[in-house]
Amino acid sequence: MSYRVYLVEDEENLNHLLYSYLAKEGWEVQSFLTGLKAKKAIVDNPHLWILDIMLPDIDGYQLIGEIKDRYPRTPVIFISARDDSLDRVLGLEKGSDDYLAKPFLPRELIIRSNKLLERIYKSNKDTDEQVISAAYLIDIKKRKVLNQKREEIALTSKEFDLLLFFTKHKQQALSRKQILSHVWDTNYVGTERVVDDLVRRLRKKLSALNLETLYGYGYRLVESK
């Protein structure tokens with residue numbers, strides 16, 4: 001599948017370098033040097049955004065907010081010269097799916113982008129739908145969640161991945177480390193706080209989902225309320 005990938009990076013040399021690596025994957029790539037120009041392209045809804053946090057006009061946090069408001073399931077990878085745990089947490093809270101601190105090898109960005117695109121867009125060969133409770137229906141192929149009225153509930157890609165992980169392991173105690181490994185993969189560097197933040201957002205959007213907190217360990221999905 002040919003993916004459309006939008007790159008936002010204000011360092012011109014790095015922008016050109018990353019563009020060339022992304023294009024070699026056979027993807028349709030468009031790059032931007034400013035946040036304002038990228039903002040105008042949000043309506044294109046590419047398969048993946050790669051955003052620098054520090055931009056000369058609007059920052060990546062503002063840009064991801066506008067992207068996720070309009071297209072909550074579109075994945076975003078943050079890149080930043082500041083290797084700061086707070087930046088990682090803030091990015092994940094705003095819906096980013098991965099984070100790379102500069103300097104990094106372009107090949108690492110390609111590997112992470114491939115993993116993210118495959119996880120989100122590849123078809124599920126086993127089933128298209130899975131009933132998770134009397135309250136919700138999950139469409140795996142389309143990555144949608146519907147309520148009893150068959151109205152769609154907008155979830156970010158990370159929220160959807162977490163929900164699917166819980167439903168495939170119903171009644172099982174899942175540690176924060178297990179959740180981190182599955183939803184963020186084993187390359188994630190940061191605190192386990194992001195798991196709690198993601199669970200909090202999932203509970204808010206799916207209030208009928210009965211997620212038990214296992215203090216000092218993790219969470220468990222039990223029968224719906």
# chains A, B, ... in the order shown; residues from 1 in each chain; ligands from 1

call {"tool": "select_by_dssp", "arguments": {"residues": "chain A", "states": "strand (DSSP E)", "output": "ChimeraX atom specification"}}
result
/A:4-8,28-32,48-52,76-80,98-101,129-131,137-139,144-146,174-175,211-214,218-221

call {"tool": "residues_around", "arguments": {"residues": "Arg143 in chain A", "least_positions_apart": "5", "cutoff": "9 Å", "atoms": "only C-alpha atoms", "output": "MDAnalysis selection string"}}
result
chainID A and resid 73 120:121 138 155 157 160

call {"tool": "write_last_selection", "arguments": {"atoms": "all heavy atoms", "output": "PDB file, in the first residue's frame"}}
result
ATOM      1  N   ARG A  73      -8.009   9.702  14.672  1.00  0.00           N
ATOM      2  CA  ARG A  73      -7.322   8.419  14.477  1.00  0.00           C
ATOM      3  C   ARG A  73      -6.079   8.533  13.595  1.00  0.00           C
ATOM      4  O   ARG A  73      -5.380   7.546  13.402  1.00  0.00           O
ATOM      5  CB  ARG A  73      -8.293   7.388  13.884  1.00  0.00           C
ATOM      6  CG  ARG A  73      -9.375   6.946  14.851  1.00  0.00           C
ATOM      7  CD  ARG A  73     -10.166   5.772  14.305  1.00  0.00           C
ATOM      8  NE  ARG A  73     -10.829   6.122  13.057  1.00  0.00           N
ATOM      9  CZ  ARG A  73     -12.016   6.721  12.985  1.00  0.00           C
ATOM     10  NH1 ARG A  73     -12.663   7.046  14.085  1.00  0.00           N
ATOM     11  NH2 ARG A  73     -12.570   6.988  11.817  1.00  0.00           N
ATOM     12  N   ILE A 120      -1.806   0.316  12.173  1.00  0.00           N
ATOM     13  CA  ILE A 120      -3.048   1.072  12.076  1.00  0.00           C
ATOM     14  C   ILE A 120      -3.835   0.757  10.817  1.00  0.00           C
ATOM     15  O   ILE A 120      -5.066   0.684  10.849  1.00  0.00           O
ATOM     16  CB  ILE A 120      -2.747   2.580  12.163  1.00  0.00           C
ATOM     17  CG1 ILE A 120      -2.290   2.915  13.578  1.00  0.00           C
ATOM     18  CG2 ILE A 120      -3.964   3.422  11.785  1.00  0.00           C
ATOM     19  CD1 ILE A 120      -1.882   4.341  13.787  1.00  0.00           C
ATOM     20  N   TYR A 121      -3.133   0.521   9.705  1.00  0.00           N
ATOM     21  CA  TYR A 121      -3.854   0.413   8.437  1.00  0.00           C
ATOM     22  C   TYR A 121      -3.944  -0.978   7.835  1.00  0.00           C
ATOM     23  O   TYR A 121      -4.703  -1.189   6.896  1.00  0.00           O
ATOM     24  CB  TYR A 121      -3.221   1.358   7.405  1.00  0.00           C
ATOM     25  CG  TYR A 121      -3.341   2.806   7.787  1.00  0.00           C
ATOM     26  CD1 TYR A 121      -2.218   3.537   8.202  1.00  0.00           C
ATOM     27  CD2 TYR A 121      -4.563   3.462   7.772  1.00  0.00           C
ATOM     28  CE1 TYR A 121      -2.318   4.868   8.570  1.00  0.00           C
ATOM     29  CE2 TYR A 121      -4.680   4.793   8.142  1.00  0.00           C
ATOM     30  CZ  TYR A 121      -3.549   5.488   8.531  1.00  0.00           C
ATOM     31  OH  TYR A 121      -3.663   6.802   8.896  1.00  0.00           O
ATOM     32  N   ILE A 138     -16.962  -2.936  18.211  1.00  0.00           N
ATOM     33  CA  ILE A 138     -15.697  -2.486  17.643  1.00  0.00           C
ATOM     34  C   ILE A 138     -15.544  -3.064  16.242  1.00  0.00           C
ATOM     35  O   ILE A 138     -15.724  -4.259  16.031  1.00  0.00           O
ATOM     36  CB  ILE A 138     -14.513  -2.895  18.543  1.00  0.00           C
ATOM     37  CG1 ILE A 138     -13.208  -2.354  17.982  1.00  0.00           C
ATOM     38  CG2 ILE A 138     -14.431  -4.381  18.740  1.00  0.00           C
ATOM     39  CD1 ILE A 138     -12.024  -2.518  18.908  1.00  0.00           C
ATOM     40  N   LEU A 155     -12.053   7.936  18.691  1.00  0.00           N
ATOM     41  CA  LEU A 155     -10.901   7.573  19.512  1.00  0.00           C
ATOM     42  C   LEU A 155      -9.621   7.885  18.748  1.00  0.00           C
ATOM     43  O   LEU A 155      -9.583   7.779  17.522  1.00  0.00           O
ATOM     44  CB  LEU A 155     -10.913   6.080  19.854  1.00  0.00           C
ATOM     45  CG  LEU A 155     -12.082   5.509  20.657  1.00  0.00           C
ATOM     46  CD1 LEU A 155     -11.858   4.030  20.908  1.00  0.00           C
ATOM     47  CD2 LEU A 155     -12.264   6.254  21.967  1.00  0.00           C
ATOM     48  N   SER A 157      -5.689   6.910  17.763  1.00  0.00           N
ATOM     49  CA  SER A 157      -5.149   5.593  17.415  1.00  0.00           C
ATOM     50  C   SER A 157      -4.635   4.848  18.650  1.00  0.00           C
ATOM     51  O   SER A 157      -4.806   3.633  18.772  1.00  0.00           O
ATOM     52  CB  SER A 157      -4.034   5.736  16.373  1.00  0.00           C
ATOM     53  OG  SER A 157      -3.020   6.588  16.843  1.00  0.00           O
ATOM     54  N   PHE A 160      -7.619   3.546  20.613  1.00  0.00           N
ATOM     55  CA  PHE A 160      -8.175   2.367  19.948  1.00  0.00           C
ATOM     56  C   PHE A 160      -7.308   1.134  20.212  1.00  0.00           C
ATOM     57  O   PHE A 160      -7.814   0.046  20.507  1.00  0.00           O
ATOM     58  CB  PHE A 160      -8.295   2.617  18.443  1.00  0.00           C
ATOM     59  CG  PHE A 160      -8.964   1.499  17.692  1.00  0.00           C
ATOM     60  CD1 PHE A 160     -10.338   1.504  17.483  1.00  0.00           C
ATOM     61  CD2 PHE A 160      -8.223   0.433  17.196  1.00  0.00           C
ATOM     62  CE1 PHE A 160     -10.954   0.462  16.807  1.00  0.00           C
ATOM     63  CE2 PHE A 160      -8.831  -0.609  16.522  1.00  0.00           C
ATOM     64  CZ  PHE A 160     -10.204  -0.595  16.318  1.00  0.00           C
TER      65      PHE A 160
END

call {"tool": "closest_residue", "arguments": {"among": "A:Pro72, A:Leu63, A:Glu152, A:Gly216", "to": "Lys177 in chain A", "atoms": "only C-alpha atoms"}}
result
A:Gly216

call {"tool": "residues_around", "arguments": {"residues": "Ala41 in chain A", "least_positions_apart": "4", "cutoff": "10 Å", "atoms": "only C-alpha atoms", "output": "list of chain:residue names"}}
result
A:Tyr6, A:Gln30, A:Phe32, A:Gly35, A:Leu36, A:Lys37, A:Asn45, A:Pro46, A:Ile67

call {"tool": "write_last_selection", "arguments": {"atoms": "C-alpha atoms", "output": "PDB file, in the first residue's frame"}}
result
ATOM      1  CA  TYR A   6       3.446  14.631   5.767  1.00  0.00           C
ATOM      2  CA  GLN A  30       5.025  16.187   1.333  1.00  0.00           C
ATOM      3  CA  PHE A  32       6.757  21.663   5.257  1.00  0.00           C
ATOM      4  CA  GLY A  35       3.622  25.041  11.016  1.00  0.00           C
ATOM      5  CA  LEU A  36       1.298  27.510   9.293  1.00  0.00           C
ATOM      6  CA  LYS A  37       1.821  25.917   5.875  1.00  0.00           C
ATOM      7  CA  ASN A  45      -5.723  13.899   6.105  1.00  0.00           C
ATOM      8  CA  PRO A  46      -2.544  11.957   5.199  1.00  0.00           C
ATOM      9  CA  ILE A  67      -5.021  17.518  13.577  1.00  0.00           C
TER      10      ILE A  67
END

call {"tool": "select_by_dssp", "arguments": {"residues": "range 17-209 of chain A", "states": "alpha helix (DSSP H)", "output": "count of residues only"}}
result
79

call {"tool": "residues_around", "arguments": {"residues": "Leu109 in chain A", "least_positions_apart": "4", "cutoff": "10 Å", "atoms": "only C-alpha atoms", "output": "ChimeraX atom specification"}}
result
/A:18,21-22,50,77,79,98-100,104-105,113-115

call {"tool": "write_last_selection", "arguments": {"atoms": "N, CA and C atoms", "output": "PDB file, in the first residue's frame"}}
result
ATOM      1  N   LEU A  18      15.334  13.710   5.655  1.00  0.00           N
ATOM      2  CA  LEU A  18      14.230  12.833   6.050  1.00  0.00           C
ATOM      3  C   LEU A  18      13.266  12.600   4.886  1.00  0.00           C
ATOM      4  N   TYR A  21      14.626   9.835   2.685  1.00  0.00           N
ATOM      5  CA  TYR A  21      14.471   8.504   3.282  1.00  0.00           C
ATOM      6  C   TYR A  21      13.019   8.030   3.209  1.00  0.00           C
ATOM      7  N   LEU A  22      12.093   8.920   3.503  1.00  0.00           N
ATOM      8  CA  LEU A  22      10.672   8.559   3.464  1.00  0.00           C
ATOM      9  C   LEU A  22      10.230   8.228   2.040  1.00  0.00           C
ATOM     10  N   ILE A  50       4.531  13.529  10.643  1.00  0.00           N
ATOM     11  CA  ILE A  50       5.762  13.547  11.418  1.00  0.00           C
ATOM     12  C   ILE A  50       6.031  15.011  11.748  1.00  0.00           C
ATOM     13  N   ILE A  77       3.835  11.203  14.708  1.00  0.00           N
ATOM     14  CA  ILE A  77       5.115  10.980  15.373  1.00  0.00           C
ATOM     15  C   ILE A  77       5.728  12.340  15.664  1.00  0.00           C
ATOM     16  N   ILE A  79       8.945  14.686  16.754  1.00  0.00           N
ATOM     17  CA  ILE A  79      10.398  14.707  16.826  1.00  0.00           C
ATOM     18  C   ILE A  79      10.807  16.026  17.487  1.00  0.00           C
ATOM     19  N   ASP A  98       4.132   8.308  18.798  1.00  0.00           N
ATOM     20  CA  ASP A  98       5.530   7.974  19.052  1.00  0.00           C
ATOM     21  C   ASP A  98       6.312   9.280  19.202  1.00  0.00           C
ATOM     22  N   TYR A  99       7.538   9.161  19.705  1.00  0.00           N
ATOM     23  CA  TYR A  99       8.362  10.338  19.978  1.00  0.00           C
ATOM     24  C   TYR A  99       9.820   9.970  19.720  1.00  0.00           C
ATOM     25  N   LEU A 100      10.506  10.812  18.948  1.00  0.00           N
ATOM     26  CA  LEU A 100      11.928  10.614  18.687  1.00  0.00           C
ATOM     27  C   LEU A 100      12.691  11.872  19.082  1.00  0.00           C
ATOM     28  N   PHE A 104      18.716  11.587  15.825  1.00  0.00           N
ATOM     29  CA  PHE A 104      18.348  10.186  15.638  1.00  0.00           C
ATOM     30  C   PHE A 104      18.742   9.768  14.227  1.00  0.00           C
ATOM     31  N   LEU A 105      18.878   8.477  14.033  1.00  0.00           N
ATOM     32  CA  LEU A 105      19.198   7.958  12.710  1.00  0.00           C
ATOM     33  C   LEU A 105      17.928   7.976  11.848  1.00  0.00           C
ATOM     34  N   SER A 113       8.000   4.436  11.670  1.00  0.00           N
ATOM     35  CA  SER A 113       6.885   4.816  10.792  1.00  0.00           C
ATOM     36  C   SER A 113       6.244   3.581  10.182  1.00  0.00           C
ATOM     37  N   ASN A 114       7.066   2.648   9.723  1.00  0.00           N
ATOM     38  CA  ASN A 114       6.541   1.410   9.132  1.00  0.00           C
ATOM     39  C   ASN A 114       5.712   0.628  10.128  1.00  0.00           C
ATOM     40  N   LYS A 115       6.221   0.491  11.345  1.00  0.00           N
ATOM     41  CA  LYS A 115       5.488  -0.257  12.374  1.00  0.00           C
ATOM     42  C   LYS A 115       4.142   0.393  12.670  1.00  0.00           C
TER      43      LYS A 115
END

call {"tool": "residues_around", "arguments": {"residues": "Leu174 in chain A", "least_positions_apart": "3", "cutoff": "9 Å", "atoms": "only C-alpha atoms", "output": "MDAnalysis selection string"}}
result
chainID A and resid 166 169 177:179 214 217:221

call {"tool": "write_last_selection", "arguments": {"atoms": "N, CA and C atoms", "output": "tab-separated table (two decimals), in the first residue's frame"}}
result
chain	number	residue	atom	x	y	z
A	166	PHE	N	-7.29	-4.51	25.60
A	166	PHE	CA	-8.12	-4.92	26.73
A	166	PHE	C	-9.16	-5.96	26.32
A	169	HIS	N	-8.01	-9.40	25.93
A	169	HIS	CA	-7.51	-10.00	27.17
A	169	HIS	C	-8.50	-9.72	28.31
A	177	LYS	N	3.49	-2.30	32.43
A	177	LYS	CA	4.61	-2.64	31.56
A	177	LYS	C	4.11	-3.41	30.33
A	178	GLN	N	3.16	-4.33	30.51
A	178	GLN	CA	2.59	-5.05	29.38
A	178	GLN	C	1.88	-4.10	28.42
A	179	ILE	N	1.14	-3.17	28.99
A	179	ILE	CA	0.40	-2.22	28.16
A	179	ILE	C	1.36	-1.32	27.39
A	214	LEU	N	-5.90	-1.96	39.20
A	214	LEU	CA	-5.18	-2.87	40.08
A	214	LEU	C	-4.01	-2.08	40.65
A	217	TYR	N	-0.15	-2.16	40.11
A	217	TYR	CA	0.12	-3.16	39.07
A	217	TYR	C	-0.33	-2.68	37.69
A	218	GLY	N	-1.66	-2.52	37.51
A	218	GLY	CA	-2.16	-2.16	36.19
A	218	GLY	C	-3.68	-2.11	36.14
A	219	TYR	N	-4.26	-2.79	35.14
A	219	TYR	CA	-5.72	-2.69	34.93
A	219	TYR	C	-6.27	-4.03	34.44
A	220	ARG	N	-7.59	-4.16	34.57
A	220	ARG	CA	-8.29	-5.35	34.07
A	220	ARG	C	-9.64	-4.94	33.54
A	221	LEU	N	-9.99	-5.45	32.36
A	221	LEU	CA	-11.32	-5.24	31.80
A	221	LEU	C	-12.22	-6.38	32.25

call {"tool": "closest_residue", "arguments": {"among": "A:Lys40, A:Lys94, A:Arg107, A:Lys205", "to": "Lys24 in chain A", "atoms": "only C-alpha atoms"}}
result
A:Arg107

call {"tool": "closest_residue", "arguments": {"among": "A:Leu137, A:Leu209, A:Leu7, A:Val199", "to": "Phe78 in chain A", "atoms": "only C-alpha atoms"}}
result
A:Leu7
